[in-house]
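Asker: To be precise about what I am sending: the file is called data18.txt and holds compact mmCIF, C-alpha atoms.
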# COMPACT_ATOMS: atom_id res chain seq x y z
CA MET A 107 3.90 -43.67 14.08
CA PHE A 108 5.50 -41.12 16.40
CA ARG A 109 7.19 -39.42 13.44
CA LEU A 110 3.89 -39.15 11.60
CA ILE A 111 2.17 -37.56 14.61
CA LYS A 112 5.11 -35.19 15.10
CA PHE A 113 5.00 -34.26 11.38
CA ILE A 114 1.26 -33.61 11.49
CA LEU A 115 1.50 -31.51 14.66
CA THR A 116 4.42 -29.51 13.28
CA SER A 117 2.57 -28.95 10.00
CA VAL A 118 -0.57 -27.80 11.82
CA LEU A 119 1.50 -25.45 14.00
CA TRP A 120 3.18 -23.92 10.94
CA LEU A 121 -0.19 -23.55 9.22
CA ILE A 122 -1.58 -21.73 12.26
CA ILE A 123 1.45 -19.43 12.35
CA PHE A 124 1.14 -18.74 8.61
CA LEU A 125 -2.59 -17.98 8.89
CA PHE A 126 -1.98 -15.67 11.85
CA ILE A 127 0.69 -13.74 9.95
CA ALA A 128 -1.53 -13.54 6.86
CA TYR A 129 -4.43 -12.31 8.99
CA CYS A 130 -2.23 -9.63 10.60
CA ALA A 131 -0.94 -8.51 7.21
CA LEU A 132 -4.50 -8.31 5.89
CA CYS A 133 -5.58 -6.16 8.85
CA ILE A 134 -2.64 -3.82 8.30
CA LEU A 135 -2.95 -3.55 4.51
CA PHE A 136 -6.75 -3.39 4.40
CA PRO A 137 -8.03 -1.67 7.52
CA VAL A 138 -11.70 -0.86 7.96
CA LYS A 139 -12.52 2.04 10.20
CA TYR A 140 -15.66 4.17 10.48
CA ALA A 141 -17.76 1.22 9.36
CA ASP A 142 -21.04 2.72 10.58
CA GLU A 143 -20.51 5.88 8.55
CA ILE A 144 -19.36 3.93 5.49
CA ARG A 145 -22.41 1.65 5.65
CA GLU A 146 -24.81 4.55 6.25
CA TYR A 147 -23.57 6.77 3.43
CA SER A 148 -22.92 3.92 1.02
CA LYS A 149 -26.56 2.94 1.42
CA LYS A 150 -27.81 6.54 1.26
CA TYR A 151 -25.87 7.21 -1.95
CA ASP A 152 -26.34 3.77 -3.54
CA LEU A 153 -22.69 2.73 -3.42
CA ASP A 154 -20.93 -0.52 -2.65
CA PRO A 155 -19.24 -0.19 0.78
CA GLY A 156 -16.28 -2.16 -0.57
CA PHE A 157 -15.74 0.47 -3.24
CA VAL A 158 -15.96 3.27 -0.67
CA CYS A 159 -13.43 1.47 1.56
CA ALA A 160 -11.14 1.01 -1.45
CA VAL A 161 -11.27 4.73 -2.25
CA ILE A 162 -10.62 5.69 1.38
CA ASN A 163 -7.71 3.27 1.72
CA THR A 164 -6.18 4.48 -1.54
CA GLU A 165 -6.70 8.14 -0.69
CA SER A 166 -5.73 8.30 3.00
CA ARG A 167 -5.20 4.82 4.50
CA PHE A 168 -8.11 5.74 6.80
CA GLU A 169 -6.27 8.72 8.34
CA THR A 170 -8.76 11.48 9.18
CA SER A 171 -6.12 14.21 9.24
CA ALA A 172 -4.55 13.29 5.89
CA THR A 173 -3.72 16.30 3.73
CA SER A 174 -2.21 16.17 0.25
CA HIS A 175 0.35 18.57 -1.20
CA LYS A 176 -2.45 19.82 -3.47
CA GLY A 177 -4.73 20.65 -0.53
CA ALA A 178 -7.04 17.62 -0.47
CA ARG A 179 -8.23 16.83 3.05
CA GLY A 180 -9.58 14.05 5.18
CA LEU A 181 -10.35 10.40 4.69
CA MET A 182 -11.57 10.80 1.13
CA GLN A 183 -9.05 13.52 0.24
CA LEU A 184 -11.53 16.13 -0.86
CA MET A 185 -10.27 19.26 -2.62
CA PRO A 186 -11.69 22.62 -1.47
CA GLU A 187 -13.37 23.22 -4.85
CA THR A 188 -14.98 19.77 -4.71
CA ILE A 189 -16.15 20.39 -1.15
CA ASP A 190 -17.74 23.73 -2.13
CA TRP A 191 -19.46 22.17 -5.16
CA ALA A 192 -20.70 19.14 -3.19
CA VAL A 193 -21.90 21.17 -0.21
CA GLU A 194 -23.91 23.36 -2.59
CA GLY A 195 -25.26 20.32 -4.46
CA MET A 196 -26.18 18.61 -1.20
CA GLY A 197 -27.91 21.73 0.11
CA ILE A 198 -25.81 21.91 3.28
CA GLU A 199 -26.15 25.28 4.95
CA ASN A 200 -23.63 26.87 7.31
CA PHE A 201 -20.89 24.44 6.35
CA SER A 202 -17.56 24.91 8.14
CA TYR A 203 -14.24 23.62 6.83
CA GLU A 204 -13.35 22.89 10.45
CA ASN A 205 -15.61 19.83 10.15
CA ILE A 206 -14.10 18.34 6.99
CA GLU A 207 -11.83 15.99 8.93
CA LYS A 208 -14.73 14.55 10.89
CA PRO A 209 -15.33 11.07 9.44
CA GLU A 210 -19.10 11.44 9.12
CA VAL A 211 -18.76 14.74 7.23
CA ASN A 212 -15.90 13.67 4.96
CA ILE A 213 -17.42 10.28 4.16
CA GLU A 214 -20.85 11.72 3.40
CA ILE A 215 -19.45 14.38 1.06
CA GLY A 216 -17.12 11.85 -0.58
CA CYS A 217 -19.98 9.38 -1.06
CA TRP A 218 -22.17 12.12 -2.56
CA VAL A 219 -19.37 12.87 -5.05
CA LEU A 220 -18.92 9.16 -5.88
CA ASN A 221 -22.68 8.84 -6.40
CA PHE A 222 -22.71 11.85 -8.70
CA LEU A 223 -19.84 10.37 -10.74
CA SER A 224 -21.52 6.96 -10.76
CA LYS A 225 -24.64 8.50 -12.29
CA GLN A 226 -22.54 10.44 -14.79
CA PHE A 227 -20.62 7.34 -15.88
CA ASN A 228 -23.47 4.80 -15.74
CA GLY A 229 -22.12 2.96 -12.71
CA ASN A 230 -18.78 2.08 -14.34
CA LEU A 231 -16.56 2.01 -11.26
CA GLU A 232 -13.33 2.27 -13.24
CA LEU A 233 -14.57 5.51 -14.79
CA VAL A 234 -15.82 6.70 -11.39
CA ALA A 235 -12.40 6.07 -9.85
CA ALA A 236 -10.65 7.78 -12.77
CA ALA A 237 -12.95 10.79 -12.49
CA TYR A 238 -12.53 10.95 -8.71
CA ASN A 239 -8.77 11.18 -9.26
CA ALA A 240 -8.42 13.18 -12.49
CA GLY A 241 -11.76 14.97 -12.73
CA SER A 242 -14.87 14.09 -14.68
CA GLY A 243 -13.99 16.57 -17.42
CA ASN A 244 -10.80 14.68 -18.22
CA VAL A 245 -12.57 11.32 -18.24
CA THR A 246 -15.31 12.66 -20.52
CA LYS A 247 -12.64 14.06 -22.83
CA TRP A 248 -10.78 10.73 -22.89
CA LEU A 249 -13.97 8.81 -23.64
CA GLY A 250 -14.49 11.02 -26.69
CA ASP A 251 -10.98 10.42 -28.02
CA THR A 252 -10.31 7.20 -29.96
CA LYS A 253 -6.70 7.24 -28.68
CA TYR A 254 -8.08 6.43 -25.23
CA SER A 255 -11.48 4.82 -25.84
CA SER A 256 -12.48 2.64 -28.78
CA ASP A 257 -16.20 2.72 -27.95
CA GLY A 258 -16.77 5.92 -25.95
CA GLU A 259 -17.96 3.89 -22.95
CA TYR A 260 -14.77 2.39 -21.52
CA LEU A 261 -11.22 3.61 -21.31
CA ASP A 262 -8.69 1.46 -23.16
CA TYR A 263 -5.88 3.72 -22.02
CA ILE A 264 -5.61 6.36 -19.30
CA PRO A 265 -3.05 9.00 -20.33
CA TYR A 266 -2.23 10.10 -16.78
CA ALA A 267 0.06 7.52 -15.16
CA GLU A 268 -1.03 8.62 -11.67
CA THR A 269 -4.69 8.10 -12.57
CA ALA A 270 -4.03 4.77 -14.31
CA ASN A 271 -2.25 3.49 -11.19
CA TYR A 272 -4.96 4.94 -8.95
CA VAL A 273 -7.71 3.13 -10.86
CA LYS A 274 -5.81 -0.19 -10.76
CA LYS A 275 -5.25 0.17 -7.04
CA VAL A 276 -8.86 1.11 -6.23
CA MET A 277 -10.26 -1.73 -8.31
CA ALA A 278 -7.89 -4.29 -6.75
CA TYR A 279 -8.65 -3.00 -3.25
CA GLU A 280 -12.38 -3.12 -3.97
CA LYS A 281 -12.19 -6.86 -4.65
CA VAL A 282 -10.41 -7.47 -1.34
CA TYR A 283 -12.81 -5.25 0.60
CA LYS A 284 -15.83 -7.01 -0.90
CA ILE A 285 -14.51 -10.29 0.50
CA ILE A 286 -13.64 -8.75 3.86
CA LEU A 287 -17.03 -7.07 4.26
CA ARG A 288 -19.01 -10.04 2.95
CA THR A 289 -17.33 -12.58 5.20
CA ASP A 290 -16.74 -10.41 8.29
CA LEU A 291 -13.18 -11.70 8.04
CA TYR A 292 -12.18 -9.54 10.95
CA GLU A 293 -13.99 -7.34 13.38
CA ILE A 294 -14.49 -3.86 12.00
CA ALA A 295 -12.93 -1.12 14.10
CA SER A 296 -15.34 1.64 15.00
CA ASN A 297 -12.78 4.46 14.90
For this file, write the structure as C-alpha cells.

Answerer:
Amino acid sequence: MFRLIKFILTSVLWLIIFLFIAYCALCILFPVKYADEIREYSKKYDLDPGFVCAVINTESRFETSATSHKGARGLMQLMPETIDWAVEGMGIENFSYENIEKPEVNIEIGCWVLNFLSKQFNGNLELVAAAYNAGSGNVTKWLGDTKYSSDGEYLDYIPYAETANYVKKVMAYEKVYKIILRTDLYEIASN
C-alpha cells in the first residue's frame, strides 16, 4: 500500500513539473503582449486576434524596436513604402515615422494592411500571409499561373522558399494563438 501511495505521489509530482515546464515553454514561444491594441484593431479591421498575434510573433517576436535588414520596422515589420501607402489609405494626416515603433500605431497600420489583403484575397488567410510577406502582386501573379495554382483561388506551391516557410509558420502559430486566446491559458501581458 505504501509503495502505491509513493508511486501515485511521485507520478503526480512529475506531472506537475512537466505541466509547469510546458507552460513556461508556451509562454516563451508564444508570448502575447499589447493585447488591448491587438483586440481593438483586430475588431476594428475585422481580423482574428489569433492571426494578428501569429503575424506579430513571426515578424518580430513582439519586439517593438525590431528592424529588418530590408528596413521593415516595429512589431508588424512594416516597410516604409507600405507605411506610406497605408497612412494615405487610412487618411492619417501629419504622420511621423518617429511613431512607427509605438505599438498602437504599428498594430493599427499592420491590421489595416491585413484587412486590405483579406478583402483582396476573399479572407483566405494563407494568401493574406503570403501577400503580407511577398507582396500582393506576387500572390496575384502566382494565382494566375497553373504552375502555382490549379484553380486560381488557392496556392498549391509558393515559389519563394522564404514566403512558403513564413506562411506555414503563421498558420501554425495562428492555431496555437486561437487556443491561447480562447482559453485564457495564461494572463496576457499588457506591454

Asker: Identify the residues within 12 Å of coordinate (-4.3, 2.6, 8.2) (same frame as the file), considering only C-alpha atoms, and give the answer as a list in words.

Answerer: Ala131, Leu132, Cys133, Ile134, Leu135, Phe136, Pro137, Val138, Lys139, Tyr140, Cys159, Ala160, Ile162, Asn163, Thr164, Glu165, Ser166, Arg167, Phe168, Glu169, Thr170, Ser171, Ala172, Leu181, Ala295 and Asn297 of chain A

Asker: When you count all atoms listed in the file, which of these residues is closest to Leu223 of chain A: A:Tyr260, A:Tyr238, A:Tyr129, A:Phe201?

Answerer: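 That would be A:Tyr238, the residue with the smallest distance to Leu223 of chain A.
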
Asker: Please identify all polymer residues within 9 Å of segment 185-196 of chain A, counting all atoms listed in the file, omitting same-chain residues fewer than 3 positions from it, and present them as a PyMOL selection string.

Answerer: chain A and resi 176-179+199+201+203+206+215-216+218-219

Asker: Could you check how far atom CA of Ala240 of chain A sits from atom CA of Glu214 of chain A, in Å to one decimal?

Answerer: 20.2 Å

Asker: Find, counting all atoms listed in the file, the residue in A:Val118, A:Cys130, A:Met182, A:Leu125 that gets nearest to Glu210 of chain A.

Answerer: A:Met182

Asker: Which residues are near segment 266-275 of chain A? Cut-off 7 Å, all atoms listed in the file, ignore same chain within fewer than 6 positions. Put them as a list in words.

Answerer: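 In the requested format, the answer is Glu232, Ala235, Ala236, Asn239 and Ala240 of chain A.
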
Asker: Could you list, as a PDB file with C-alpha atoms, keeping the file's coordinate frame, every residue within 10 Å of Asp262 of chain A, counting all atoms listed in the file and ignoring same-chain residues fewer than 6 positions away?

Answerer:
ATOM      1  CA  TRP A 248     -10.780  10.730 -22.890  1.00  0.00           C
ATOM      2  CA  LEU A 249     -13.970   8.810 -23.640  1.00  0.00           C
ATOM      3  CA  THR A 252     -10.310   7.200 -29.960  1.00  0.00           C
ATOM      4  CA  LYS A 253      -6.700   7.240 -28.680  1.00  0.00           C
ATOM      5  CA  TYR A 254      -8.080   6.430 -25.230  1.00  0.00           C
ATOM      6  CA  SER A 255     -11.480   4.820 -25.840  1.00  0.00           C
ATOM      7  CA  SER A 256     -12.480   2.640 -28.780  1.00  0.00           C
TER       8      SER A 256
END

Asker: For atom CA of Lys149 of chain A and atom CA of Asn244 of chain A, quote the distance in Å rounded to one decimal.

Answerer: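 Between atom CA of Lys149 of chain A and atom CA of Asn244 of chain A the gap is 27.8 Å.
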
Asker: If I take atom CA of Ala278 of chain A and atom CA of Asn230 of chain A, how far is one from the other in Å, to one decimal?

Answerer: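 Going from atom CA of Ala278 of chain A over to atom CA of Asn230 of chain A covers 14.7 Å.
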